[in-house]
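A.B. asks: Pasting a structure below so you can have a look.
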Amino acid sequence: MRLATFKFKDQKRIGFTAAGLDGKFYDITDLFTAVSADVISLIEGGNTVLAELNDLARGITGDESRAEGLLNVLDAEFRPPIEKPGKIVCLAGNYRAHITESGYVDPAPRSRFTQQLFLKPSTALLGDGGVIELGGQNVKVGWETELAVVIGKRGRNISEENAYDHVFGYTILNDLSERGLNSQIEDRHSREMDGFCDWLAGKWFDGFAPCGPWIVTKDEIGDPHDLEIRFYLNGELRQKGNTRDMIFTIPEQVAYISTIMTLEPGDIISTGTPAGAGLGDRSTSLADGDVIVSEIEGVGKLANKVRWID
């Protein structure tokens, strides 16, 4: 099944769809008394809520009168599926081909190296169909299509063997990056860590984490390490890869991250990007009027437009 957050008559609502609903979804906001248009509340409900949603799906597909309450996906104004996650944890350099295209040495297969992590703020999130607004600070904006894991159960020091017990489902996240932050400052006094800090802050702009449209529950994804990833810029295929090429698997990520911070329901782990990322030169930098589409097999398609604002 799939969950989404959308707006209807200026109110935030929760959408639900499942196999057999053919591009339609159901507004379930008022079906759960403990939910206030908040997907995290549903996630915290665990297996009990999932069982209720499965019953709902069977009822809708088997009852034509209930199907009258279905809404058309094309009519929805999608928000990020989780608008205010506790944290968005991102992996840098989790695909060898992306490491080398970024100008770094490909680590040897048996090298002992650690996962590289950074956080994005919730204000960077943007829903499907949302507009990415660029301004005067943006000179080299690149893309990175990534499979994102949604945490379903709280945990610390989670073992790899138990990692999937803490996974609720999957969505798409595009880790946009301003790769030329502060490069226009004349006669800038350079400090030792400026390059790293500019790289990091360049990922924090509002709207620089398009996400969604749906959270797909883990039972729908047979193997999250065998999914095709594609990114299109104005209809042209610019990024293609497969999640099988991750250096660190999802269980390894969940286990390692949980040794550093407690993972909580609704947290998002963005698992890194394959080759073809936007590295910020003229041909791989977003510009006014661009249309971008991130697509992951079995998870969905995330589309956004780019607009320059003064």
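FYI, nothing fancy with the structure tokens labels: chains A, B, ... in order, residues from 1 per chain, ligands from 1 as they appear.
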To test your reading of the structure, identify every residue in segment 12-248 of chain A that backbone DSSP assigns to helix (DSSP H, G or I), and report it as a ChimeraX atom specification.
C.D. replies: /A:29-31,39-44,46-62,64-67,73-75,96-101,122-124,163-166,194-201,218-220,243-245
A.B. asks: Just list as a PyMOL selection string whatever in segment 32-227 of chain A DSSP marks as strand (DSSP E).
C.D. replies: chain A and resi 70-72+77-79+88-92+116-120+125-126+131-134+141-142+145-151+167-174+177-178+209-210+215-217
A.B. asks: Kindly indicate which residue among A:Met193, A:Leu181, A:Ile260, A:Ile309 lies nearest to Val141 of chain A, using only C-alpha atoms for the distances.
C.D. replies: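 Of the candidates, the smallest distance to Val141 of chain A is held by A:Leu181.
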A.B. asks: Pick the closest to Ser177 of chain A from A:Glu161, A:Glu192, A:Asp223, A:Asp198: which is it, counting only C-alpha atoms?
C.D. replies: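 Ranked by minimum distance to Ser177 of chain A, first place goes to A:Asp198.
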A.B. asks: Residues within 12 Å of segment 111-117 of chain A, please, as a PDB file with N, CA and C atoms, in the first residue's frame. Count only C-alpha atoms; anything in the same chain fewer than 6 positions from it doesn't count.
C.D. replies:
```pdb
ATOM      1  N   ILE A  88      16.357  13.943   8.633  1.00  0.00           N
ATOM      2  CA  ILE A  88      16.613  13.409   7.298  1.00  0.00           C
ATOM      3  C   ILE A  88      18.106  13.131   7.239  1.00  0.00           C
ATOM      4  N   VAL A  89      18.466  11.858   7.283  1.00  0.00           N
ATOM      5  CA  VAL A  89      19.866  11.447   7.276  1.00  0.00           C
ATOM      6  C   VAL A  89      20.238  11.033   5.858  1.00  0.00           C
ATOM      7  N   CYS A  90      21.308  11.599   5.345  1.00  0.00           N
ATOM      8  CA  CYS A  90      21.715  11.313   3.955  1.00  0.00           C
ATOM      9  C   CYS A  90      23.104  10.696   3.934  1.00  0.00           C
ATOM     10  N   LEU A  91      23.303   9.762   2.999  1.00  0.00           N
ATOM     11  CA  LEU A  91      24.617   9.157   2.793  1.00  0.00           C
ATOM     12  C   LEU A  91      25.310   9.823   1.616  1.00  0.00           C
ATOM     13  N   ALA A  92      26.557  10.172   1.815  1.00  0.00           N
ATOM     14  CA  ALA A  92      27.390  10.679   0.723  1.00  0.00           C
ATOM     15  C   ALA A  92      28.280   9.540   0.232  1.00  0.00           C
ATOM     16  N   GLY A  93      28.462   9.476  -1.083  1.00  0.00           N
ATOM     17  CA  GLY A  93      29.398   8.500  -1.635  1.00  0.00           C
ATOM     18  C   GLY A  93      29.038   7.068  -1.339  1.00  0.00           C
ATOM     19  N   ASN A  94      27.782   6.672  -1.620  1.00  0.00           N
ATOM     20  CA  ASN A  94      27.392   5.282  -1.374  1.00  0.00           C
ATOM     21  C   ASN A  94      27.314   4.455  -2.651  1.00  0.00           C
ATOM     22  N   TYR A  95      27.716   5.042  -3.784  1.00  0.00           N
ATOM     23  CA  TYR A  95      27.834   4.327  -5.054  1.00  0.00           C
ATOM     24  C   TYR A  95      29.208   4.639  -5.633  1.00  0.00           C
ATOM     25  N   ILE A  99      31.225   8.229  -6.704  1.00  0.00           N
ATOM     26  CA  ILE A  99      32.469   8.676  -6.072  1.00  0.00           C
ATOM     27  C   ILE A  99      33.479   9.101  -7.126  1.00  0.00           C
ATOM     28  N   VAL A 105      38.915   9.082  -5.547  1.00  0.00           N
ATOM     29  CA  VAL A 105      39.449   7.764  -5.859  1.00  0.00           C
ATOM     30  C   VAL A 105      38.449   6.695  -5.413  1.00  0.00           C
ATOM     31  N   LEU A 200      28.287  21.419   2.424  1.00  0.00           N
ATOM     32  CA  LEU A 200      27.235  20.976   3.325  1.00  0.00           C
ATOM     33  C   LEU A 200      26.067  21.960   3.329  1.00  0.00           C
ATOM     34  N   MET A 246      24.731  -0.153  -4.320  1.00  0.00           N
ATOM     35  CA  MET A 246      25.076   0.514  -3.061  1.00  0.00           C
ATOM     36  C   MET A 246      26.309  -0.139  -2.441  1.00  0.00           C
ATOM     37  N   ILE A 247      27.175   0.685  -1.886  1.00  0.00           N
ATOM     38  CA  ILE A 247      28.317   0.150  -1.139  1.00  0.00           C
ATOM     39  C   ILE A 247      27.833  -0.388   0.207  1.00  0.00           C
ATOM     40  N   PHE A 248      27.073   0.414   0.920  1.00  0.00           N
ATOM     41  CA  PHE A 248      26.512   0.011   2.206  1.00  0.00           C
ATOM     42  C   PHE A 248      25.026  -0.284   2.011  1.00  0.00           C
ATOM     43  N   THR A 249      24.606  -1.471   2.392  1.00  0.00           N
ATOM     44  CA  THR A 249      23.209  -1.871   2.224  1.00  0.00           C
ATOM     45  C   THR A 249      22.316  -1.149   3.230  1.00  0.00           C
ATOM     46  N   ILE A 250      21.016  -1.274   3.025  1.00  0.00           N
ATOM     47  CA  ILE A 250      20.070  -0.639   3.943  1.00  0.00           C
ATOM     48  C   ILE A 250      20.225  -1.167   5.367  1.00  0.00           C
ATOM     49  N   GLU A 252      22.893  -2.269   6.768  1.00  0.00           N
ATOM     50  CA  GLU A 252      24.139  -1.692   7.274  1.00  0.00           C
ATOM     51  C   GLU A 252      23.952  -0.218   7.631  1.00  0.00           C
ATOM     52  N   GLN A 253      23.194   0.490   6.828  1.00  0.00           N
ATOM     53  CA  GLN A 253      22.953   1.901   7.110  1.00  0.00           C
ATOM     54  C   GLN A 253      22.158   2.077   8.398  1.00  0.00           C
ATOM     55  N   VAL A 254      21.058   1.339   8.512  1.00  0.00           N
ATOM     56  CA  VAL A 254      20.212   1.451   9.706  1.00  0.00           C
ATOM     57  C   VAL A 254      21.031   1.107  10.956  1.00  0.00           C
ATOM     58  N   ALA A 255      21.819   0.043  10.865  1.00  0.00           N
ATOM     59  CA  ALA A 255      22.606  -0.383  12.024  1.00  0.00           C
ATOM     60  C   ALA A 255      23.631   0.678  12.411  1.00  0.00           C
ATOM     61  N   TYR A 256      24.368   1.186  11.440  1.00  0.00           N
ATOM     62  CA  TYR A 256      25.419   2.157  11.747  1.00  0.00           C
ATOM     63  C   TYR A 256      24.845   3.473  12.260  1.00  0.00           C
ATOM     64  N   ILE A 257      23.836   3.991  11.566  1.00  0.00           N
ATOM     65  CA  ILE A 257      23.249   5.271  11.970  1.00  0.00           C
ATOM     66  C   ILE A 257      22.681   5.175  13.380  1.00  0.00           C
ATOM     67  N   ILE A 260      24.733   5.980  16.372  1.00  0.00           N
ATOM     68  CA  ILE A 260      25.053   7.394  16.572  1.00  0.00           C
ATOM     69  C   ILE A 260      23.857   8.160  17.111  1.00  0.00           C
ATOM     70  N   MET A 261      22.672   7.858  16.580  1.00  0.00           N
ATOM     71  CA  MET A 261      21.458   8.572  16.975  1.00  0.00           C
ATOM     72  C   MET A 261      20.295   7.595  17.029  1.00  0.00           C
ATOM     73  N   ILE A 269      15.960   8.092   5.830  1.00  0.00           N
ATOM     74  CA  ILE A 269      17.359   7.842   5.460  1.00  0.00           C
ATOM     75  C   ILE A 269      17.439   7.839   3.941  1.00  0.00           C
ATOM     76  N   SER A 270      18.181   8.776   3.388  1.00  0.00           N
ATOM     77  CA  SER A 270      18.370   8.846   1.938  1.00  0.00           C
ATOM     78  C   SER A 270      19.674   8.143   1.606  1.00  0.00           C
ATOM     79  N   THR A 271      19.602   7.109   0.770  1.00  0.00           N
ATOM     80  CA  THR A 271      20.637   6.079   0.722  1.00  0.00           C
ATOM     81  C   THR A 271      21.769   6.318  -0.274  1.00  0.00           C
ATOM     82  N   GLY A 272      21.858   7.525  -0.852  1.00  0.00           N
ATOM     83  CA  GLY A 272      22.930   7.817  -1.789  1.00  0.00           C
ATOM     84  C   GLY A 272      22.466   7.722  -3.231  1.00  0.00           C
TER      85      GLY A 272
END
```
A.B. asks: Contacts of Trp199 of chain A at 12 Å or less, counting only C-alpha atoms, minus same-chain residues fewer than 5 places along, as a PyMOL selection string?
C.D. replies: chain A and resi 92+118+140-142+176-183+193-194+204-205+279-280
A.B. asks: Residues as selected, C-alpha atoms, written as an mmCIF file, in the first residue's frame, can you do that?
C.D. replies:
```cif
data_model
loop_
_atom_site.group_PDB
_atom_site.id
_atom_site.type_symbol
_atom_site.label_atom_id
_atom_site.label_comp_id
_atom_site.auth_asym_id
_atom_site.auth_seq_id
_atom_site.Cartn_x
_atom_site.Cartn_y
_atom_site.Cartn_z
ATOM 1 C CA ALA A 92 27.390 10.679 0.723
ATOM 2 C CA PHE A 118 24.981 14.468 6.798
ATOM 3 C CA LYS A 140 25.564 25.561 -9.652
ATOM 4 C CA VAL A 141 22.581 23.457 -8.621
ATOM 5 C CA GLY A 142 22.864 19.712 -9.176
ATOM 6 C CA LEU A 176 19.658 18.842 -4.613
ATOM 7 C CA SER A 177 22.960 20.612 -4.002
ATOM 8 C CA GLU A 178 24.243 24.120 -4.532
ATOM 9 C CA ARG A 179 27.812 23.318 -5.549
ATOM 10 C CA GLY A 180 29.004 26.890 -5.905
ATOM 11 C CA LEU A 181 27.840 28.410 -2.632
ATOM 12 C CA ASN A 182 29.787 31.595 -1.806
ATOM 13 C CA SER A 183 31.890 31.208 -4.955
ATOM 14 C CA MET A 193 37.110 24.005 6.217
ATOM 15 C CA ASP A 194 35.309 26.423 3.879
ATOM 16 C CA TRP A 204 20.131 22.988 2.992
ATOM 17 C CA PHE A 205 18.219 25.455 0.812
ATOM 18 C CA LEU A 279 27.801 18.139 -10.634
ATOM 19 C CA GLY A 280 27.181 21.809 -11.270
#
```
A.B. asks: Neighbours of segment 7-19 of chain A within 9 Å (only C-alpha atoms; same-chain residues fewer than 2 positions away dropped), as a PyMOL selection string?
C.D. replies: chain A and resi 1-5+21-30+36-39+53-54+57+61+71+76-79+81+214
A.B. asks: Of the candidates A:Lys153, A:Ala287, A:Lys305, A:Asp245, which shows the shortest atom-to-atom distance to Leu42 of chain A, using only C-alpha atoms?
C.D. replies: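 Smallest separation from Leu42 of chain A among the options: A:Lys153.
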A.B. asks: What are the nearest atom pairs, with distances in Å to one decimal, for all residues of segment 98-200 of chain A that come at most 10 Å from segment 292-296 of chain A, using only C-alpha atoms, set out by chain and rising residue number as CSV?
C.D. replies:
```
residue,atom,partner,partner_atom,distance
A:Asp128,CA,A:Val293,CA,9.5
A:Gly129,CA,A:Val293,CA,9.8
A:Ile132,CA,A:Ile292,CA,10.0
A:Trp143,CA,A:Ile292,CA,9.0
A:Glu144,CA,A:Ser294,CA,8.8
A:Thr145,CA,A:Ser294,CA,5.9
A:Glu146,CA,A:Ile296,CA,8.2
A:Leu147,CA,A:Ile296,CA,7.2
A:Thr171,CA,A:Ile296,CA,8.6
A:Ile172,CA,A:Ile296,CA,7.1
A:Leu173,CA,A:Ser294,CA,8.2
A:Asn174,CA,A:Ser294,CA,7.2
```
A.B. asks: Could you write out the selected residues, including N, CA and C atoms, as a PDB file, in the first residue's frame?
C.D. replies:
```pdb
ATOM      1  N   ASP A 128       5.779  16.363  -4.615  1.00  0.00           N
ATOM      2  CA  ASP A 128       5.644  16.123  -6.050  1.00  0.00           C
ATOM      3  C   ASP A 128       4.842  17.264  -6.682  1.00  0.00           C
ATOM      4  N   GLY A 129       5.332  17.800  -7.781  1.00  0.00           N
ATOM      5  CA  GLY A 129       4.669  18.912  -8.442  1.00  0.00           C
ATOM      6  C   GLY A 129       5.055  20.270  -7.893  1.00  0.00           C
ATOM      7  N   ILE A 132      10.758  24.268  -7.375  1.00  0.00           N
ATOM      8  CA  ILE A 132      12.063  24.535  -6.773  1.00  0.00           C
ATOM      9  C   ILE A 132      12.442  25.972  -7.118  1.00  0.00           C
ATOM     10  N   TRP A 143      21.565  17.688  -9.103  1.00  0.00           N
ATOM     11  CA  TRP A 143      20.545  16.747  -8.630  1.00  0.00           C
ATOM     12  C   TRP A 143      21.183  15.436  -8.200  1.00  0.00           C
ATOM     13  N   GLU A 144      20.494  14.674  -7.373  1.00  0.00           N
ATOM     14  CA  GLU A 144      20.913  13.327  -6.977  1.00  0.00           C
ATOM     15  C   GLU A 144      19.661  12.527  -6.614  1.00  0.00           C
ATOM     16  N   THR A 145      19.203  11.663  -7.502  1.00  0.00           N
ATOM     17  CA  THR A 145      18.025  10.843  -7.228  1.00  0.00           C
ATOM     18  C   THR A 145      18.395   9.687  -6.301  1.00  0.00           C
ATOM     19  N   GLU A 146      17.608   9.504  -5.242  1.00  0.00           N
ATOM     20  CA  GLU A 146      17.970   8.519  -4.230  1.00  0.00           C
ATOM     21  C   GLU A 146      16.745   7.768  -3.711  1.00  0.00           C
ATOM     22  N   LEU A 147      16.940   6.484  -3.424  1.00  0.00           N
ATOM     23  CA  LEU A 147      15.949   5.719  -2.687  1.00  0.00           C
ATOM     24  C   LEU A 147      16.023   6.147  -1.225  1.00  0.00           C
ATOM     25  N   THR A 171      10.473   5.738  -0.173  1.00  0.00           N
ATOM     26  CA  THR A 171      10.006   6.825  -1.024  1.00  0.00           C
ATOM     27  C   THR A 171      11.181   7.309  -1.864  1.00  0.00           C
ATOM     28  N   ILE A 172      10.979   8.382  -2.618  1.00  0.00           N
ATOM     29  CA  ILE A 172      12.036   8.968  -3.445  1.00  0.00           C
ATOM     30  C   ILE A 172      12.448  10.293  -2.831  1.00  0.00           C
ATOM     31  N   LEU A 173      13.739  10.558  -2.825  1.00  0.00           N
ATOM     32  CA  LEU A 173      14.244  11.870  -2.411  1.00  0.00           C
ATOM     33  C   LEU A 173      15.291  12.323  -3.414  1.00  0.00           C
ATOM     34  N   ASN A 174      15.182  13.569  -3.853  1.00  0.00           N
ATOM     35  CA  ASN A 174      16.178  14.157  -4.744  1.00  0.00           C
ATOM     36  C   ASN A 174      17.034  15.110  -3.915  1.00  0.00           C
TER      37      ASN A 174
END
```
A.B. asks: Of the candidates A:Asp75, A:Leu56, A:Val131, A:Lys87, which one gets nearest to Asp267 of chain A if we count only C-alpha atoms?
C.D. replies: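 Comparing A:Asp75, A:Leu56, A:Val131, A:Lys87 against Asp267 of chain A, the winner is A:Lys87.
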A.B. asks: Just the residues within 9 Å of Leu233 of chain A, please, counting only C-alpha atoms, with nothing from its chain fewer than 4 positions along; format it as JSON, numbers by chain.
C.D. replies: {"A": [237, 238, 286, 290, 291, 292, 293]}
A.B. asks: Keeping only C-alpha atoms, write the selected residues as a PDB file, in the first residue's frame.
C.D. replies:
```
ATOM      1  CA  LEU A 237      17.657  10.644 -19.389  1.00  0.00           C
ATOM      2  CA  ARG A 238      20.587  11.959 -17.359  1.00  0.00           C
ATOM      3  CA  LEU A 286      19.460  23.376 -13.013  1.00  0.00           C
ATOM      4  CA  ASP A 290      13.689  23.108 -16.149  1.00  0.00           C
ATOM      5  CA  VAL A 291      11.445  20.131 -15.496  1.00  0.00           C
ATOM      6  CA  ILE A 292      13.010  17.287 -13.529  1.00  0.00           C
ATOM      7  CA  VAL A 293      11.693  13.773 -12.956  1.00  0.00           C
TER       8      VAL A 293
END
```
